[in-house]
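Just my_file_3.pdb here, PDB, C-alpha atoms, pLDDT in the B column:
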ATOM      1  CA  GLN A  55       0.000   0.000   0.000  1.00 41.00           C
ATOM      2  CA  ASN A  56       1.391   3.341  -1.048  1.00 43.00           C
ATOM      3  CA  THR A  57      -0.601   5.827   1.033  1.00 44.00           C
ATOM      4  CA  GLN A  58       0.938   8.588   3.074  1.00 51.00           C
ATOM      5  CA  TYR A  59      -0.955   7.523   6.206  1.00 46.00           C
ATOM      6  CA  ASN A  60      -2.557   4.175   6.929  1.00 54.00           C
ATOM      7  CA  LYS A  61      -4.869   4.737   9.894  1.00 54.00           C
ATOM      8  CA  GLU A  62      -5.818   1.078  10.291  1.00 55.00           C
ATOM      9  CA  ASN A  63      -2.212  -0.009  10.748  1.00 63.00           C
ATOM     10  CA  HIS A  64      -1.024   3.221  12.408  1.00 81.00           C
ATOM     11  CA  GLN A  65       1.817   3.838   9.990  1.00 86.00           C
ATOM     12  CA  ILE A  66       3.040   6.635   7.739  1.00 89.00           C
ATOM     13  CA  ASP A  67       5.319   6.803   4.729  1.00 92.00           C
ATOM     14  CA  MET A  68       8.848   7.710   5.760  1.00 93.00           C
ATOM     15  CA  LYS A  69       9.580   9.844   2.666  1.00 93.00           C
ATOM     16  CA  PRO A  70       7.399  12.876   3.583  1.00 91.00           C
ATOM     17  CA  PHE A  71       8.696  12.683   7.159  1.00 87.00           C
ATOM     18  CA  ILE A  72      12.298  12.973   5.935  1.00 92.00           C
ATOM     19  CA  GLN A  73      11.491  15.536   3.228  1.00 91.00           C
ATOM     20  CA  ASN A  74       9.847  17.731   5.855  1.00 90.00           C
ATOM     21  CA  SER A  75      13.237  17.984   7.565  1.00 89.00           C
ATOM     22  CA  GLU A  76      14.484  19.787   4.422  1.00 91.00           C
ATOM     23  CA  PRO A  77      17.703  17.798   3.894  1.00 91.00           C
ATOM     24  CA  LEU A  78      20.628  19.553   2.239  1.00 92.00           C
ATOM     25  CA  SER A  79      20.923  19.027  -1.510  1.00 93.00           C
ATOM     26  CA  LYS A  80      24.179  17.092  -1.011  1.00 96.00           C
ATOM     27  CA  ALA A  81      22.494  14.550   1.305  1.00 95.00           C
ATOM     28  CA  THR A  82      22.487  10.992  -0.030  1.00 96.00           C
ATOM     29  CA  LYS A  83      21.427   8.755   2.852  1.00 97.00           C
ATOM     30  CA  VAL A  84      19.338   8.347   5.973  1.00 97.00           C
ATOM     31  CA  VAL A  85      20.864   6.744   9.036  1.00 98.00           C
ATOM     32  CA  ILE A  86      18.376   5.190  11.432  1.00 97.00           C
ATOM     33  CA  GLU A  87      19.977   5.085  14.860  1.00 98.00           C
ATOM     34  CA  THR A  88      18.798   2.422  17.304  1.00 97.00           C
ATOM     35  CA  THR A  89      19.959   1.189  20.667  1.00 96.00           C
ATOM     36  CA  GLU A  90      21.271  -1.852  18.794  1.00 94.00           C
ATOM     37  CA  GLY A  91      23.190  -0.073  16.007  1.00 97.00           C
ATOM     38  CA  GLU A  92      22.632   1.872  12.804  1.00 98.00           C
ATOM     39  CA  HIS A  93      20.687   1.066   9.640  1.00 98.00           C
ATOM     40  CA  ILE A  94      21.617   3.010   6.505  1.00 98.00           C
ATOM     41  CA  PHE A  95      19.339   3.620   3.511  1.00 97.00           C
ATOM     42  CA  SER A  96      19.886   5.796   0.456  1.00 97.00           C
ATOM     43  CA  LEU A  97      17.500   8.725   0.061  1.00 94.00           C
ATOM     44  CA  ASP A  98      16.096   6.885  -2.966  1.00 93.00           C
ATOM     45  CA  GLU A  99      15.174   3.948  -0.726  1.00 95.00           C
ATOM     46  CA  ILE A 100      13.135   5.929   1.807  1.00 94.00           C
ATOM     47  CA  ASP A 101      10.119   5.722  -0.488  1.00 94.00           C
ATOM     48  CA  THR A 102      10.076   1.984   0.323  1.00 96.00           C
ATOM     49  CA  LEU A 103       9.893   2.495   4.111  1.00 96.00           C
ATOM     50  CA  LEU A 104       7.067   3.000   6.590  1.00 94.00           C
ATOM     51  CA  LEU A 105       7.066   4.248  10.171  1.00 94.00           C
ATOM     52  CA  LYS A 106       4.714   2.289  12.419  1.00 93.00           C
ATOM     53  CA  PHE A 107       3.946   4.098  15.652  1.00 90.00           C
ATOM     54  CA  SER A 108       1.385   1.872  17.354  1.00 85.00           C
ATOM     55  CA  HIS A 109       0.075  -1.686  17.419  1.00 81.00           C
ATOM     56  CA  LYS A 110      -3.606  -2.438  17.999  1.00 81.00           C
ATOM     57  CA  GLY A 111      -4.083   1.208  18.970  1.00 81.00           C
ATOM     58  CA  LYS A 112      -1.391   1.158  21.657  1.00 86.00           C
ATOM     59  CA  PRO A 113       1.927   3.073  21.519  1.00 85.00           C
ATOM     60  CA  LEU A 114       5.095   1.044  20.976  1.00 89.00           C
ATOM     61  CA  ARG A 115       6.458   1.821  24.423  1.00 88.00           C
ATOM     62  CA  GLU A 116       8.717  -1.162  25.107  1.00 88.00           C
ATOM     63  CA  ASP A 117      10.644  -1.313  21.833  1.00 92.00           C
ATOM     64  CA  GLY A 118       9.552   1.845  20.007  1.00 89.00           C
ATOM     65  CA  PRO A 119       8.747   4.661  19.747  1.00 91.00           C
ATOM     66  CA  VAL A 120       8.434   3.586  16.101  1.00 93.00           C
ATOM     67  CA  TYR A 121       9.168   0.542  13.986  1.00 95.00           C
ATOM     68  CA  VAL A 122      10.630   0.938  10.523  1.00 96.00           C
ATOM     69  CA  LEU A 123       8.987  -1.445   8.066  1.00 95.00           C
ATOM     70  CA  LYS A 124       9.599  -2.117   4.395  1.00 95.00           C
ATOM     71  CA  LYS A 125       6.529  -1.605   2.228  1.00 93.00           C
ATOM     72  CA  ASP A 126       7.103  -4.946   0.515  1.00 92.00           C
ATOM     73  CA  GLY A 127       6.607  -6.681   3.879  1.00 90.00           C
ATOM     74  CA  SER A 128      10.008  -8.363   3.793  1.00 94.00           C
ATOM     75  CA  ASN A 129      10.821  -7.334   7.385  1.00 93.00           C
ATOM     76  CA  ILE A 130       7.324  -7.586   8.873  1.00 90.00           C
ATOM     77  CA  ASN A 131       8.553 -10.130  11.422  1.00 92.00           C
ATOM     78  CA  THR A 132      11.864  -8.341  12.033  1.00 94.00           C
ATOM     79  CA  PRO A 133      11.170  -4.592  11.871  1.00 95.00           C
ATOM     80  CA  ILE A 134      13.788  -2.064  12.867  1.00 97.00           C
ATOM     81  CA  LYS A 135      12.981  -1.336  16.530  1.00 97.00           C
ATOM     82  CA  PHE A 136      14.376   0.733  19.408  1.00 96.00           C
ATOM     83  CA  VAL A 137      14.769   3.779  17.122  1.00 96.00           C
ATOM     84  CA  THR A 138      16.476   6.687  18.869  1.00 96.00           C
ATOM     85  CA  ALA A 139      17.168   9.099  15.988  1.00 96.00           C
ATOM     86  CA  PHE A 140      17.179   9.725  12.247  1.00 95.00           C
ATOM     87  CA  ARG A 141      20.188  11.393  10.609  1.00 96.00           C
ATOM     88  CA  VAL A 142      20.233  12.663   7.046  1.00 96.00           C
ATOM     89  CA  GLU A 143      23.767  12.820   5.645  1.00 96.00           C
TER
END
Once more with this new file: its structure as structure tokens, please.
Amino acid sequence: QNTQYNKENHQIDMKPFIQNSEPLSKATKVVIETTEGEHIFSLDEIDTLLLKFSHKGKPLREDGPVYVLKKDGSNINTPIKFVTAFRVE
């Protein structure tokens, strides 16, 4: 599903979230910082990512505050969790 906001699943497209931060024109990647390490995606790849901020209407308190999911569902069982920051470089 390619909608900006999916209310039923409590997730949003990552691309508008990053674009809203107005990255510098020389930026080429997004670094997702977690308590377990970093995950790096090119700016072209962010259109394939979703931010999930709740499950069954409840905030992701224990391992959130958001999960990063791939739109193709390939990491549905192993989302990126424990996100602490996003860096655009």
- Item | Using only C-alpha atoms: which of A:Pro77, A:Val142, A:Thr132, A:Pro119 has the shortest distance to Thr89 (chain A) | A:Pro119
Write out as JSON an axis-aligned box for region 107-124 of chain A: all of its atoms listed in the file, 6 Å added on each side, centre and edge lengths in Å with one decimal.
{"center_x": 3.3, "center_y": 1.1, "center_z": 14.8, "size_x": 26.7, "size_y": 19.1, "size_z": 32.7}
- Nearest to Asp117 (chain A) among A:Ile134, A:Ile72, A:Ile66, A:Leu104, with distances taken over only C-alpha atoms: which residue is it? A:Ile134
- Note on the structure: Using only C-alpha atoms, the residue out of A:Leu114, A:Met68, A:Leu97, A:Val122 with shortest distance to Ala81 (chain A) is A:Leu97
Starting from the displayed file, determine the output of the PyMOL selection byres ((chain A and resi 125) around 10) and express the residue list as a tab-separated table (two decimals) with C-alpha atoms, in the coordinates of the input.
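Generated output (selection-v3.tsv):
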chain	number	residue	atom	x	y	z
A	55	GLN	CA	0.00	0.00	0.00
A	56	ASN	CA	1.39	3.34	-1.05
A	67	ASP	CA	5.32	6.80	4.73
A	101	ASP	CA	10.12	5.72	-0.49
A	102	THR	CA	10.08	1.98	0.32
A	103	LEU	CA	9.89	2.50	4.11
A	104	LEU	CA	7.07	3.00	6.59
A	105	LEU	CA	7.07	4.25	10.17
A	122	VAL	CA	10.63	0.94	10.52
A	123	LEU	CA	8.99	-1.44	8.07
A	124	LYS	CA	9.60	-2.12	4.39
A	126	ASP	CA	7.10	-4.95	0.52
A	127	GLY	CA	6.61	-6.68	3.88
A	128	SER	CA	10.01	-8.36	3.79
A	129	ASN	CA	10.82	-7.33	7.38
A	130	ILE	CA	7.32	-7.59	8.87
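Separating CA of Lys112 (chain A) from CA of Val137 (chain A) is a distance of 17.0 Å.
Taking CA of Ser79 (chain A) and CA of Glu92 (chain A) as endpoints, the distance between them is 22.4 Å.
Comparing A:Gln65, A:Gly118, A:Thr82, A:Glu143 by their smallest distance to Asp98 (chain A), the closest is A:Thr82 (using only C-alpha atoms).
Minimum distance to Thr138 (chain A) across A:Ser96, A:Glu116, A:Glu87, A:Lys106 (counting all atoms listed in the file) occurs at A:Glu87.
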Could I get region 106-137 of chain A from the block written as a PDB file, in the first residue's frame, with N, CA, C and O atoms?
ATOM      1  N   LYS A 106       5.866   2.790  11.674  1.00  0.00           N
ATOM      2  CA  LYS A 106       4.714   2.289  12.419  1.00  0.00           C
ATOM      3  C   LYS A 106       4.841   2.793  13.846  1.00  0.00           C
ATOM      4  O   LYS A 106       5.867   2.568  14.498  1.00  0.00           O
ATOM      5  N   PHE A 107       3.819   3.479  14.339  1.00  0.00           N
ATOM      6  CA  PHE A 107       3.946   4.098  15.652  1.00  0.00           C
ATOM      7  C   PHE A 107       3.009   3.528  16.704  1.00  0.00           C
ATOM      8  O   PHE A 107       3.031   3.965  17.853  1.00  0.00           O
ATOM      9  N   SER A 108       2.191   2.546  16.342  1.00  0.00           N
ATOM     10  CA  SER A 108       1.385   1.872  17.354  1.00  0.00           C
ATOM     11  C   SER A 108       0.971   0.507  16.833  1.00  0.00           C
ATOM     12  O   SER A 108       1.040   0.225  15.640  1.00  0.00           O
ATOM     13  N   HIS A 109       0.548  -0.345  17.762  1.00  0.00           N
ATOM     14  CA  HIS A 109       0.075  -1.686  17.419  1.00  0.00           C
ATOM     15  C   HIS A 109      -1.226  -1.923  18.166  1.00  0.00           C
ATOM     16  O   HIS A 109      -1.268  -1.781  19.391  1.00  0.00           O
ATOM     17  N   LYS A 110      -2.268  -2.235  17.421  1.00  0.00           N
ATOM     18  CA  LYS A 110      -3.606  -2.438  17.999  1.00  0.00           C
ATOM     19  C   LYS A 110      -4.025  -1.231  18.827  1.00  0.00           C
ATOM     20  O   LYS A 110      -4.593  -1.360  19.908  1.00  0.00           O
ATOM     21  N   GLY A 111      -3.681  -0.036  18.319  1.00  0.00           N
ATOM     22  CA  GLY A 111      -4.083   1.208  18.970  1.00  0.00           C
ATOM     23  C   GLY A 111      -3.253   1.611  20.168  1.00  0.00           C
ATOM     24  O   GLY A 111      -3.517   2.615  20.804  1.00  0.00           O
ATOM     25  N   LYS A 112      -2.224   0.848  20.495  1.00  0.00           N
ATOM     26  CA  LYS A 112      -1.391   1.158  21.657  1.00  0.00           C
ATOM     27  C   LYS A 112       0.004   1.590  21.211  1.00  0.00           C
ATOM     28  O   LYS A 112       0.565   1.024  20.289  1.00  0.00           O
ATOM     29  N   PRO A 113       0.570   2.622  21.864  1.00  0.00           N
ATOM     30  CA  PRO A 113       1.927   3.073  21.519  1.00  0.00           C
ATOM     31  C   PRO A 113       2.950   1.959  21.686  1.00  0.00           C
ATOM     32  O   PRO A 113       2.780   1.063  22.509  1.00  0.00           O
ATOM     33  N   LEU A 114       3.999   2.027  20.912  1.00  0.00           N
ATOM     34  CA  LEU A 114       5.095   1.044  20.976  1.00  0.00           C
ATOM     35  C   LEU A 114       6.070   1.465  22.074  1.00  0.00           C
ATOM     36  O   LEU A 114       7.162   1.938  21.815  1.00  0.00           O
ATOM     37  N   ARG A 115       5.672   1.315  23.286  1.00  0.00           N
ATOM     38  CA  ARG A 115       6.458   1.821  24.423  1.00  0.00           C
ATOM     39  C   ARG A 115       7.706   0.996  24.723  1.00  0.00           C
ATOM     40  O   ARG A 115       8.749   1.533  25.036  1.00  0.00           O
ATOM     41  N   GLU A 116       7.604  -0.314  24.674  1.00  0.00           N
ATOM     42  CA  GLU A 116       8.717  -1.162  25.107  1.00  0.00           C
ATOM     43  C   GLU A 116       9.873  -1.196  24.126  1.00  0.00           C
ATOM     44  O   GLU A 116      11.028  -1.241  24.529  1.00  0.00           O
ATOM     45  N   ASP A 117       9.575  -1.194  22.828  1.00  0.00           N
ATOM     46  CA  ASP A 117      10.644  -1.313  21.833  1.00  0.00           C
ATOM     47  C   ASP A 117      10.500  -0.290  20.708  1.00  0.00           C
ATOM     48  O   ASP A 117      11.042  -0.463  19.643  1.00  0.00           O
ATOM     49  N   GLY A 118       9.780   0.786  20.979  1.00  0.00           N
ATOM     50  CA  GLY A 118       9.552   1.845  20.007  1.00  0.00           C
ATOM     51  C   GLY A 118      10.506   2.991  20.233  1.00  0.00           C
ATOM     52  O   GLY A 118      11.630   2.764  20.648  1.00  0.00           O
ATOM     53  N   PRO A 119      10.116   4.172  19.920  1.00  0.00           N
ATOM     54  CA  PRO A 119       8.747   4.661  19.747  1.00  0.00           C
ATOM     55  C   PRO A 119       8.131   4.368  18.376  1.00  0.00           C
ATOM     56  O   PRO A 119       6.931   4.520  18.205  1.00  0.00           O
ATOM     57  N   VAL A 120       8.953   3.974  17.415  1.00  0.00           N
ATOM     58  CA  VAL A 120       8.434   3.586  16.101  1.00  0.00           C
ATOM     59  C   VAL A 120       9.156   2.324  15.646  1.00  0.00           C
ATOM     60  O   VAL A 120      10.240   2.009  16.122  1.00  0.00           O
ATOM     61  N   TYR A 121       8.513   1.614  14.719  1.00  0.00           N
ATOM     62  CA  TYR A 121       9.168   0.542  13.986  1.00  0.00           C
ATOM     63  C   TYR A 121       9.367   1.048  12.573  1.00  0.00           C
ATOM     64  O   TYR A 121       8.532   1.795  12.058  1.00  0.00           O
ATOM     65  N   VAL A 122      10.428   0.640  11.937  1.00  0.00           N
ATOM     66  CA  VAL A 122      10.630   0.938  10.523  1.00  0.00           C
ATOM     67  C   VAL A 122      10.371  -0.358   9.763  1.00  0.00           C
ATOM     68  O   VAL A 122      11.007  -1.387  10.021  1.00  0.00           O
ATOM     69  N   LEU A 123       9.395  -0.289   8.859  1.00  0.00           N
ATOM     70  CA  LEU A 123       8.987  -1.445   8.066  1.00  0.00           C
ATOM     71  C   LEU A 123       9.241  -1.178   6.598  1.00  0.00           C
ATOM     72  O   LEU A 123       9.168  -0.033   6.149  1.00  0.00           O
ATOM     73  N   LYS A 124       9.484  -2.228   5.847  1.00  0.00           N
ATOM     74  CA  LYS A 124       9.599  -2.117   4.395  1.00  0.00           C
ATOM     75  C   LYS A 124       8.216  -2.341   3.796  1.00  0.00           C
ATOM     76  O   LYS A 124       7.488  -3.238   4.230  1.00  0.00           O
ATOM     77  N   LYS A 125       7.854  -1.512   2.831  1.00  0.00           N
ATOM     78  CA  LYS A 125       6.529  -1.605   2.228  1.00  0.00           C
ATOM     79  C   LYS A 125       6.256  -2.962   1.592  1.00  0.00           C
ATOM     80  O   LYS A 125       5.111  -3.390   1.532  1.00  0.00           O
ATOM     81  N   ASP A 126       7.306  -3.638   1.147  1.00  0.00           N
ATOM     82  CA  ASP A 126       7.103  -4.946   0.515  1.00  0.00           C
ATOM     83  C   ASP A 126       6.841  -6.055   1.538  1.00  0.00           C
ATOM     84  O   ASP A 126       6.588  -7.202   1.182  1.00  0.00           O
ATOM     85  N   GLY A 127       6.898  -5.717   2.822  1.00  0.00           N
ATOM     86  CA  GLY A 127       6.607  -6.681   3.879  1.00  0.00           C
ATOM     87  C   GLY A 127       7.748  -7.616   4.220  1.00  0.00           C
ATOM     88  O   GLY A 127       7.601  -8.493   5.070  1.00  0.00           O
ATOM     89  N   SER A 128       8.900  -7.421   3.607  1.00  0.00           N
ATOM     90  CA  SER A 128      10.008  -8.363   3.793  1.00  0.00           C
ATOM     91  C   SER A 128      10.572  -8.378   5.217  1.00  0.00           C
ATOM     92  O   SER A 128      11.221  -9.344   5.601  1.00  0.00           O
ATOM     93  N   ASN A 129      10.325  -7.331   5.998  1.00  0.00           N
ATOM     94  CA  ASN A 129      10.821  -7.334   7.385  1.00  0.00           C
ATOM     95  C   ASN A 129       9.675  -7.237   8.391  1.00  0.00           C
ATOM     96  O   ASN A 129       9.868  -6.794   9.520  1.00  0.00           O
ATOM     97  N   ILE A 130       8.493  -7.679   7.995  1.00  0.00           N
ATOM     98  CA  ILE A 130       7.324  -7.586   8.873  1.00  0.00           C
ATOM     99  C   ILE A 130       7.543  -8.303  10.201  1.00  0.00           C
ATOM    100  O   ILE A 130       7.086  -7.856  11.241  1.00  0.00           O
ATOM    101  N   ASN A 131       8.284  -9.394  10.190  1.00  0.00           N
ATOM    102  CA  ASN A 131       8.553 -10.130  11.422  1.00  0.00           C
ATOM    103  C   ASN A 131       9.823  -9.677  12.129  1.00  0.00           C
ATOM    104  O   ASN A 131      10.084 -10.087  13.258  1.00  0.00           O
ATOM    105  N   THR A 132      10.615  -8.846  11.449  1.00  0.00           N
ATOM    106  CA  THR A 132      11.864  -8.341  12.033  1.00  0.00           C
ATOM    107  C   THR A 132      12.022  -6.850  11.727  1.00  0.00           C
ATOM    108  O   THR A 132      13.004  -6.434  11.114  1.00  0.00           O
ATOM    109  N   PRO A 133      11.052  -6.020  12.159  1.00  0.00           N
ATOM    110  CA  PRO A 133      11.170  -4.592  11.871  1.00  0.00           C
ATOM    111  C   PRO A 133      12.350  -3.975  12.614  1.00  0.00           C
ATOM    112  O   PRO A 133      12.864  -4.552  13.577  1.00  0.00           O
ATOM    113  N   ILE A 134      12.762  -2.823  12.144  1.00  0.00           N
ATOM    114  CA  ILE A 134      13.788  -2.064  12.867  1.00  0.00           C
ATOM    115  C   ILE A 134      13.093  -1.456  14.081  1.00  0.00           C
ATOM    116  O   ILE A 134      12.108  -0.730  13.942  1.00  0.00           O
ATOM    117  N   LYS A 135      13.593  -1.781  15.270  1.00  0.00           N
ATOM    118  CA  LYS A 135      12.981  -1.336  16.530  1.00  0.00           C
ATOM    119  C   LYS A 135      13.975  -0.512  17.332  1.00  0.00           C
ATOM    120  O   LYS A 135      15.125  -0.364  16.938  1.00  0.00           O
ATOM    121  N   PHE A 136      13.538  -0.023  18.462  1.00  0.00           N
ATOM    122  CA  PHE A 136      14.376   0.733  19.408  1.00  0.00           C
ATOM    123  C   PHE A 136      15.021   1.944  18.730  1.00  0.00           C
ATOM    124  O   PHE A 136      16.183   2.263  18.964  1.00  0.00           O
ATOM    125  N   VAL A 137      14.266   2.619  17.860  1.00  0.00           N
ATOM    126  CA  VAL A 137      14.769   3.779  17.122  1.00  0.00           C
ATOM    127  C   VAL A 137      14.984   4.943  18.086  1.00  0.00           C
ATOM    128  O   VAL A 137      14.099   5.282  18.884  1.00  0.00           O
TER     129      VAL A 137
END
